[in-house]
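Visitor: Below you will find the structure I want to go over with you.
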Protein chains: 4
Amino acid sequence: MKAARLYAYDEQMHVDLQVEQVDEPKMTAPDAVIVRIGAAGLCRTDLHILEGVWKDIQDPHRTLLPYILGHENAGWVEEVGSGVRSVKKGDAVICHPLRTCGVCYGCRRGEDMYCENARFPGLNTDGGFADYLLTNERALIKLNPNVAPIDVAPLADAGITAYRAARRAAKQLTPGQYCVVLGVGGLGHVALQSLHELCGARTIAVDRSEAARNLAKELGAHHVLDGGPTVVEEVKQLTHGGAHVVIDFVGERGAEQESWQMLRQGGTHYVVGYGGKVEVPTVHMVISEIAIAGSLVGNYMELVELMELNAEGRVKLRAQQYKLDDINRAIDDFKNRKIVGRGVIVP
Amino acid sequence: MKAARLYAYDEQMHVDLQVEQVDEPKMTAPDAVIVRIGAAGLCRTDLHILEGVWKDIQDPHRTLLPYILGHENAGWVEEVGSGVRSVKKGDAVICHPLRTCGVCYGCRRGEDMYCENARFPGLNTDGGFADYLLTNERALIKLNPNVAPIDVAPLADAGITAYRAARRAAKQLTPGQYCVVLGVGGLGHVALQSLHELCGARTIAVDRSEAARNLAKELGAHHVLDGGPTVVEEVKQLTHGGAHVVIDFVGERGAEQESWQMLRQGGTHYVVGYGGKVEVPTVHMVISEIAIAGSLVGNYMELVELMELNAEGRVKLRAQQYKLDDINRAIDDFKNRKIVGRGVIVP
Amino acid sequence: MKAARLYAYDEQMHVDLQVEQVDEPKMTAPDAVIVRIGAAGLCRTDLHILEGVWKDIQDPHRTLLPYILGHENAGWVEEVGSGVRSVKKGDAVICHPLRTCGVCYGCRRGEDMYCENARFPGLNTDGGFADYLLTNERALIKLNPNVAPIDVAPLADAGITAYRAARRAAKQLTPGQYCVVLGVGGLGHVALQSLHELCGARTIAVDRSEAARNLAKELGAHHVLDGGPTVVEEVKQLTHGGAHVVIDFVGERGAEQESWQMLRQGGTHYVVGYGGKVEVPTVHMVISEIAIAGSLVGNYMELVELMELNAEGRVKLRAQQYKLDDINRAIDDFKNRKIVGRGVIVP
Amino acid sequence: MKAARLYAYDEQMHVDLQVEQVDEPKMTAPDAVIVRIGAAGLCRTDLHILEGVWKDIQDPHRTLLPYILGHENAGWVEEVGSGVRSVKKGDAVICHPLRTCGVCYGCRRGEDMYCENARFPGLNTDGGFADYLLTNERALIKLNPNVAPIDVAPLADAGITAYRAARRAAKQLTPGQYCVVLGVGGLGHVALQSLHELCGARTIAVDRSEAARNLAKELGAHHVLDGGPTVVEEVKQLTHGGAHVVIDFVGERGAEQESWQMLRQGGTHYVVGYGGKVEVPTVHMVISEIAIAGSLVGNYMELVELMELNAEGRVKLRAQQYKLDDINRAIDDFKNRKIVGRGVIVP
């Protein structure tokens, strides 16, 4: 089959993916499933992988290369293992990013990201920038009849990551309260829509890009700010004392510090974007009784919920298609911010 | 009446409190209550007040001095305002540290610490190192018949602060999981006992003092560590991967950084002690999906719950008495760590 | 002042209210507030009071009559007691139906309905079918600038009762799940709107009246049923096995039995309407692991939240005005189902 | 192998189980595991099965007989399927009563009892009154090193059923509140111990048998009542207005009606025992805002938690052993209430 493989990490990202013929994946276990890829989303994490940012975590023994990237996958079931009952050949599916075991405590609690035996196709094993992907039964969600793989692939990772954070925020927010969304990009614009569906609180979208701010307005954000140097004061004024929740999709260049400063007493700062460092005096944490909480991808049921909202047209994702042969051009466009919404690779 | 008043802040703490005759407090509002002090606990915060640490928060306009310290108060109702229904003269009571309004959103939600109109006797108005204290009806909890003010005064602040953190931890802990208590002093030893009553998780007590470690063992901590330089590794080994919750009663000198490093994926670090700064890379917060949360005093109902556990003998406080005339000796003993348990001032 | 008073209970409801001149209410306590009535909603409970249904609960010693009905009140502050700080003369307000004490455990927990010292104007003391009403500071919510008392009075009781049930349901519902609303009348239509704002679940509205079903469609219910004899089967089919939550605003004539039969395993049936009896085999409760839960009025903060949704135009109430002099005609119209939406009495 | 099989349902229970030689179970799927039985608990449900109470649910097509009873199983892993990773031959294990699929929504949410594809050995397929049992990987919990199968088998069903109800109760109970445990038999005595470990509330044990009451006292129940005709009034007096939670392990002969009548406003009645019918006026449910909730077995993680408490000696089960050959004598003793604690069958 055709696949795009990485042969070397390079901090300068001068490296291209190699689009080439490779062997098709083989069934390895009774719960294995091979999916014919319909589309695979291109994610900022892919850029970080090329740069080698993740190599010590994803590839500690340097045995992974060459391998196939792509962790936001959707397509059709091609072949199922002997123990598989819930899907069959031909089913249209989206793939939860993790291949989980179903028997560890993490899986039992429904938190797939905590699975002690998980593989993460596209990160630490072959992913979906290819004709076929090897995953397992527990990763698959059947698509609603009116939904095609190409419409939803990026929801598999960008989507649930935003959704999980929004869902956690929504659980603690009530009508009249305020939630700040810092960064209205691929994740932030899903979070905004999700917040509007999941709770009655008001949203304040913050982004330095005018296009992002326009998108936020279009999606119904109650307030939109440009994230200038007075953003903390602006939020405090709008919210009469501070936001109840801030979701930070930036996580660097100062956003990670502004986030907790925008909170009112008892508020929560969700960290989703990363890169920077949170530095907060303990006395401030105590007197303001704030919480700062990381949020990681999302679990299977969260992806199920998001797919329901998407199938009903309540949370949508914008995307732009590239052929697998053009993947290096897609990566370039992504680096140069030329992609509107999310880039999607089609084999 | 007799009272111990502060006349000047002094970083060196060379200053003494002045024990002198002052006017008795006067009724100021329909919900006011005057309490004849039975006992008032001496708290580390009192030392910080003397040092001037809190002066910008408690006394921003420098109009407070001279004033009476003492914010852990218990005694007997002496006089009640015209609107007071729930207590009457002679009732033995413990005083929640805040005098709250009962009509703001903070009060409505039961979180007295968030009251927008609160006064904090002993911090920003006259406190309980005196014969009488002015507070209000909403601050008072009637003592169980078998309990005397002198037995419980420090529960009013040290007690609920520890209890609230333990209670929040207990809500997320299950049997087989692990909770680390960093610092087994006045607060930590209440937290340990509370955890044992509120959930079935295992406790790991950490303290550099041998006396504190012995106390922890006596109180039934499942593991006791001395907090040496390998404490993070020791906790990870004991817990097979990291603690589910860490409650940090130290908050400085490195404890605030070790705390979140001891957590397993999905764990929570409660910040109660303060002084240092939490510095954590956003990427760690995301990948480990940890939460770091401040915990502030406690609300009225939490003090009610703690008083129930205390009345049943399930959570006890150790204390040593001093006469009001000897308050400066008590302060010296406290500074020199000569007090076993908590110091209590008796008028 | 002018007021409408009840002089006798009568099962046949042949009795009229007496519109007559009475003394204005007098300030009785430091927290008392007198409100000049802008509007007072007419509620089915008022009919039940006339019939004497509630007399043993509201008037056990038969000392209440003659008294003024009206428990859904909004207007302007006229006079405040010496201890009142949060409102002042002229403020436009809506009145939480209960006058609560603020010091009992019920109030501390934020559940105003559990107040041990509450009065309920219009039920067990003079209400709002009059020029003035005596209530207290804790009952008052200031209206948003763009909201007039006449627009919102019925939210004070009908509104929050529906909102509380919807809010409890929303907390356990996720996108893709189903909530049945049985009865789309004064309460049900608020519940529907609230569910759509508070969670991403799908709603199934059930009502025998075509007008009510049309209203449900207009408000965006995902499915609308006519509540015929096969309704349980219809719901099971639509929901692929049963609803996750059913909110029953009828509570009699069979609805109270159909409600729990519509649930899937693990589902919850909220009882809001009353009259009938729930009869369920324990073995069914266990095997299906369902819960059946009463829901009572709502607390102060829930009314605050509802007022926020209302002020933003997200939850609206339909109403028809009557002059206080015409209150008996309003009651007749209500009995004969001639009122569209809610009847509102204006002094 | 040797096994005890049922050949006919009989309302009079004159029927014996047939102890006979049968084929050993065969591996059927990659996740299958064969367990060599160490012990299997005898449960009241076994008597109900003999009587035919469950035949329409467990055996709707009457194709089950003859089959092996026994659903409280513990032993040692004998053989594992090709997909099994978490256990190996020789491991001592306890079996969660359900063999679940791990891919349906019920399993994803961690609620094994809601598994859409589950088998229940001993109920609808061969159980553990035999030398060997066929189950699957997801059902198995490895025992702590100091625990033997014979000590814990009945925890697999009686234990978690009690534990789940106690755990749900504990989540809503606080120190100073009251939980009634109706029936201190095989389940109730586990619930009592669990409540004491999981929360700081007070317990009131109710049982008509003196032996059961003595056991309750020994286990530290705060109050013990004999369940006479005034029990509702006694509980209301002890609790100053009603219990916060009642767990009913009886579910028939009037207990199911007394249970909700003992509650205070806002209280919850958990239904675990069954046989009778709950009949409650909707108006009472609303005014008292009570909840009545079924509780069903327990999930895998709840059994893990219970095993941790058991391994630490905090929740223990009393049992009496019988040889598999004597199983009919054990059943007779059970019927005639001659067994102290739980009967356990050893192959």
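In the structure tokens, chains take letters A, B, ... by order of appearance, with residues numbered from 1 within each chain and ligands from 1 in the order shown.
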Distance table requested - chain A against chain C, cut-off 7 Å, only C-alpha atoms: one row per qualifying residue with the closest atom pair and its distance in Å to one decimal, ordered by chain and rising residue number, as CSV.
Guide:
residue,atom,partner,partner_atom,distance
A:Thr174,CA,C:Glu305,CA,6.8
A:Pro175,CA,C:Glu305,CA,5.1
A:Gly176,CA,C:Glu308,CA,5.5
A:Glu197,CA,C:Gly200,CA,5.4
A:Leu198,CA,C:Cys199,CA,4.4
A:Cys199,CA,C:Leu198,CA,4.4
A:Gly200,CA,C:Glu197,CA,5.3
A:Glu305,CA,C:Pro175,CA,5.1
A:Glu308,CA,C:Gly176,CA,5.5
A:Leu309,CA,C:Pro175,CA,6.3
Visitor: Extract, using only C-alpha atoms, all DNA, RNA and protein residues at most 8 Å from region 15-31 of chain B, discarding same-chain residues fewer than 3 positions from it, and format them as a PyMOL selection string.
Guide: (chain B and resi 1-10+12+34+50+80-84+132-134+136-137+324-325+327-328) or (chain C and resi 30+82-83)
Visitor: Export, as a CSV table (one decimal), in the first residue's frame, the selected residues with N, CA, C and O atoms.
Guide:
chain,number,residue,atom,x,y,z
B,1,MET,N,-12.6,45.4,79.5
B,1,MET,CA,-12.1,44.0,79.6
B,1,MET,C,-10.6,43.9,79.3
B,1,MET,O,-10.0,44.9,78.8
B,2,LYS,N,-10.0,42.8,79.5
B,2,LYS,CA,-8.6,42.6,79.2
B,2,LYS,C,-8.5,42.1,77.8
B,2,LYS,O,-9.3,41.3,77.3
B,3,ALA,N,-7.4,42.5,77.1
B,3,ALA,CA,-7.2,42.1,75.7
B,3,ALA,C,-5.8,42.2,75.4
B,3,ALA,O,-5.1,43.0,75.9
B,4,ALA,N,-5.3,41.4,74.4
B,4,ALA,CA,-3.9,41.5,73.9
B,4,ALA,C,-3.9,42.2,72.5
B,4,ALA,O,-4.5,41.6,71.6
B,5,ARG,N,-3.4,43.4,72.5
B,5,ARG,CA,-3.4,44.1,71.2
B,5,ARG,C,-2.1,44.3,70.6
B,5,ARG,O,-1.0,44.4,71.2
B,6,LEU,N,-2.1,44.4,69.3
B,6,LEU,CA,-0.9,44.6,68.5
B,6,LEU,C,-0.8,46.1,68.2
B,6,LEU,O,-1.8,46.7,67.7
B,7,TYR,N,0.4,46.7,68.4
B,7,TYR,CA,0.6,48.1,68.1
B,7,TYR,C,1.4,48.4,66.9
B,7,TYR,O,1.5,49.5,66.4
B,8,ALA,N,2.2,47.4,66.5
B,8,ALA,CA,3.1,47.7,65.3
B,8,ALA,C,3.5,46.4,64.7
B,8,ALA,O,3.7,45.3,65.3
B,9,TYR,N,3.6,46.4,63.3
B,9,TYR,CA,4.1,45.2,62.6
B,9,TYR,C,5.6,45.3,62.7
B,9,TYR,O,6.2,46.4,62.7
B,10,ASP,N,6.3,44.1,62.7
B,10,ASP,CA,7.7,44.1,62.8
B,10,ASP,C,8.3,42.8,62.2
B,10,ASP,O,8.0,41.8,62.7
B,12,GLN,N,11.0,41.6,62.3
B,12,GLN,CA,11.9,40.8,63.2
B,12,GLN,C,11.1,40.1,64.3
B,12,GLN,O,11.6,39.4,65.1
B,34,ILE,N,-22.3,38.8,71.0
B,34,ILE,CA,-21.0,38.9,71.8
B,34,ILE,C,-20.8,37.6,72.5
B,34,ILE,O,-21.7,37.1,73.1
B,50,LEU,N,2.2,39.5,63.0
B,50,LEU,CA,3.1,40.3,63.7
B,50,LEU,C,4.3,40.7,62.8
B,50,LEU,O,4.7,41.9,62.9
B,80,VAL,N,-27.1,38.8,72.5
B,80,VAL,CA,-27.5,38.6,71.1
B,80,VAL,C,-28.3,39.8,70.6
B,80,VAL,O,-29.0,40.5,71.3
B,81,GLY,N,-28.2,40.1,69.3
B,81,GLY,CA,-28.9,41.2,68.6
B,81,GLY,C,-30.4,40.9,68.5
B,81,GLY,O,-30.8,39.7,68.7
B,82,SER,N,-31.1,41.9,68.1
B,82,SER,CA,-32.6,41.8,68.1
B,82,SER,C,-33.1,40.7,67.0
B,82,SER,O,-34.2,40.2,67.1
B,83,GLY,N,-32.3,40.5,66.0
B,83,GLY,CA,-32.7,39.5,65.0
B,83,GLY,C,-32.2,38.1,65.2
B,83,GLY,O,-32.5,37.2,64.4
B,84,VAL,N,-31.5,37.8,66.3
B,84,VAL,CA,-30.9,36.5,66.5
B,84,VAL,C,-31.9,35.5,67.1
B,84,VAL,O,-32.6,35.8,68.0
B,132,TYR,N,-14.0,39.2,75.7
B,132,TYR,CA,-15.2,39.2,74.8
B,132,TYR,C,-14.9,39.4,73.4
B,132,TYR,O,-13.9,40.1,73.0
B,133,LEU,N,-15.7,38.8,72.5
B,133,LEU,CA,-15.5,38.9,71.1
B,133,LEU,C,-16.9,39.3,70.4
B,133,LEU,O,-17.9,38.7,70.8
B,134,LEU,N,-16.8,40.2,69.5
B,134,LEU,CA,-18.0,40.5,68.7
B,134,LEU,C,-18.0,39.7,67.4
B,134,LEU,O,-17.1,39.8,66.6
B,136,ASN,N,-21.1,37.3,64.7
B,136,ASN,CA,-22.5,37.3,64.4
B,136,ASN,C,-23.2,35.9,64.4
B,136,ASN,O,-22.5,34.9,64.5
B,137,GLU,N,-24.5,35.9,64.3
B,137,GLU,CA,-25.2,34.7,64.4
B,137,GLU,C,-24.7,33.6,63.5
B,137,GLU,O,-24.6,32.5,63.8
B,324,LEU,N,-4.1,34.4,79.3
B,324,LEU,CA,-4.0,35.6,78.4
B,324,LEU,C,-2.8,36.5,78.8
B,324,LEU,O,-2.1,37.1,78.0
B,325,ASP,N,-2.6,36.6,80.1
B,325,ASP,CA,-1.4,37.5,80.6
B,325,ASP,C,-0.1,36.9,80.1
B,325,ASP,O,0.9,37.7,80.0
B,327,ILE,N,0.5,35.6,77.1
B,327,ILE,CA,0.4,35.4,75.7
B,327,ILE,C,1.8,35.6,75.0
B,327,ILE,O,2.1,34.8,74.0
B,328,ASN,N,2.6,36.5,75.4
B,328,ASN,CA,3.8,36.7,74.8
B,328,ASN,C,4.8,35.6,75.0
B,328,ASN,O,5.6,35.2,74.1
C,30,PRO,N,-35.5,43.1,61.3
C,30,PRO,CA,-34.4,43.9,60.7
C,30,PRO,C,-34.1,43.4,59.2
C,30,PRO,O,-33.6,44.2,58.5
C,82,SER,N,-33.7,47.5,59.1
C,82,SER,CA,-32.5,48.1,59.5
C,82,SER,C,-31.3,47.3,59.2
C,82,SER,O,-30.2,47.8,59.0
C,83,GLY,N,-31.4,46.0,59.0
C,83,GLY,CA,-30.3,45.1,58.7
C,83,GLY,C,-30.1,44.8,57.2
C,83,GLY,O,-29.1,44.1,56.9
Visitor: Just asking: which residues within region 74-194 of chain B are strand (DSSP E) according to DSSP, as a list in words?
Guide: Ala74, Gly75, Trp76, Val77, Glu78, Glu79, Val80, Ala92, Val93, Ile94, Cys95, Tyr132, Leu133, Leu134, Thr135, Asn136, Leu140, Ile141, Lys142, Tyr178, Cys179, Val180, Val181 and Leu182 of chain B
Visitor: Using DSSP on the backbone coordinates, identify the residues of region 101-222 of chain C assigned to helix (DSSP H, G or I); present them as a PyMOL selection string.
Guide: chain C and resi 105-108+112-114+137-139+149-156+158-172+188-198+210-218
Visitor: What's the separation between CA of Leu47 (chain B) and CA of Ile68 (chain B), in Å to one decimal place?
Guide: 13.5 Å
Visitor: Work out how far CA of Ala158 (chain D) is from CA of Glu210 (chain D), in Å to one decimal.
Guide: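 Separation of CA of Glu210 (chain D) and CA of Ala158 (chain D): 21.5 Å.
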Visitor: What is the distance between CA of His222 (chain D) and CA of Leu155 (chain B), in Å to one decimal?
Guide: 24.2 Å
Visitor: At a cut-off of 9 Å, using only C-alpha atoms, what residues contact Leu296 (chain A)? Leave out same-chain residues fewer than 6 positions from it and give the result as a PyMOL selection string.
Guide: (chain A and resi 113+161+164-165+271-272) or (chain B and resi 285-289)
Visitor: Got time to write the residues from that selection, N, CA, C and O atoms, as a short mmCIF file (atom, residue, chain, number, x, y, z; two decimals), in the first residue's frame?
Guide:
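Result saved to part-v4.cif:
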data_model
loop_
_atom_site.label_atom_id
_atom_site.label_comp_id
_atom_site.auth_asym_id
_atom_site.auth_seq_id
_atom_site.Cartn_x
_atom_site.Cartn_y
_atom_site.Cartn_z
N MET A 113 -7.21 7.16 28.04
CA MET A 113 -5.88 7.76 27.96
C MET A 113 -4.95 7.21 29.04
O MET A 113 -3.75 7.39 28.97
N THR A 161 -10.01 16.37 22.21
CA THR A 161 -9.18 17.11 23.16
C THR A 161 -9.89 18.40 23.56
O THR A 161 -9.96 18.75 24.75
N ARG A 164 -13.26 17.35 25.57
CA ARG A 164 -13.06 16.92 26.97
C ARG A 164 -12.88 18.14 27.88
O ARG A 164 -13.48 18.22 28.95
N ALA A 165 -12.05 19.07 27.45
CA ALA A 165 -11.82 20.26 28.28
C ALA A 165 -13.12 21.05 28.43
O ALA A 165 -13.48 21.50 29.53
N VAL A 271 -5.45 23.49 31.42
CA VAL A 271 -4.27 23.59 30.58
C VAL A 271 -4.40 22.54 29.46
O VAL A 271 -4.40 21.34 29.74
N VAL A 272 -4.51 22.99 28.22
CA VAL A 272 -4.59 22.06 27.09
C VAL A 272 -3.40 22.29 26.15
O VAL A 272 -2.69 21.36 25.79
N MET B 285 1.67 18.94 32.90
CA MET B 285 0.28 19.01 33.38
C MET B 285 -0.65 18.28 32.43
O MET B 285 -1.60 17.61 32.85
N VAL B 286 -0.37 18.40 31.12
CA VAL B 286 -1.23 17.79 30.12
C VAL B 286 -1.01 16.28 30.07
O VAL B 286 -1.95 15.49 30.18
N ILE B 287 0.24 15.86 29.91
CA ILE B 287 0.51 14.43 29.74
C ILE B 287 0.10 13.64 30.99
O ILE B 287 -0.45 12.56 30.91
N SER B 288 0.39 14.21 32.17
CA SER B 288 0.02 13.53 33.41
C SER B 288 -1.41 13.82 33.80
O SER B 288 -1.96 13.17 34.68
N GLU B 289 -2.00 14.77 33.15
CA GLU B 289 -3.37 15.22 33.45
C GLU B 289 -3.58 15.40 34.95
O GLU B 289 -4.58 14.95 35.52
#
Visitor: Fewer than 5 positions away in the same chain doesn't count, so skip those; otherwise give me all residues within 7 Å of Ala139 (chain B), counting only C-alpha atoms, as a PyMOL selection string.
Guide: chain B and resi 95-96+98-99
Visitor: I'd like to know which of C:Arg264, C:Tyr300, C:Ala40, C:Val147 is closest to Thr100 (chain C), using only C-alpha atoms.
Guide: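 Distance minimum relative to Thr100 (chain C) lands on C:Tyr300.
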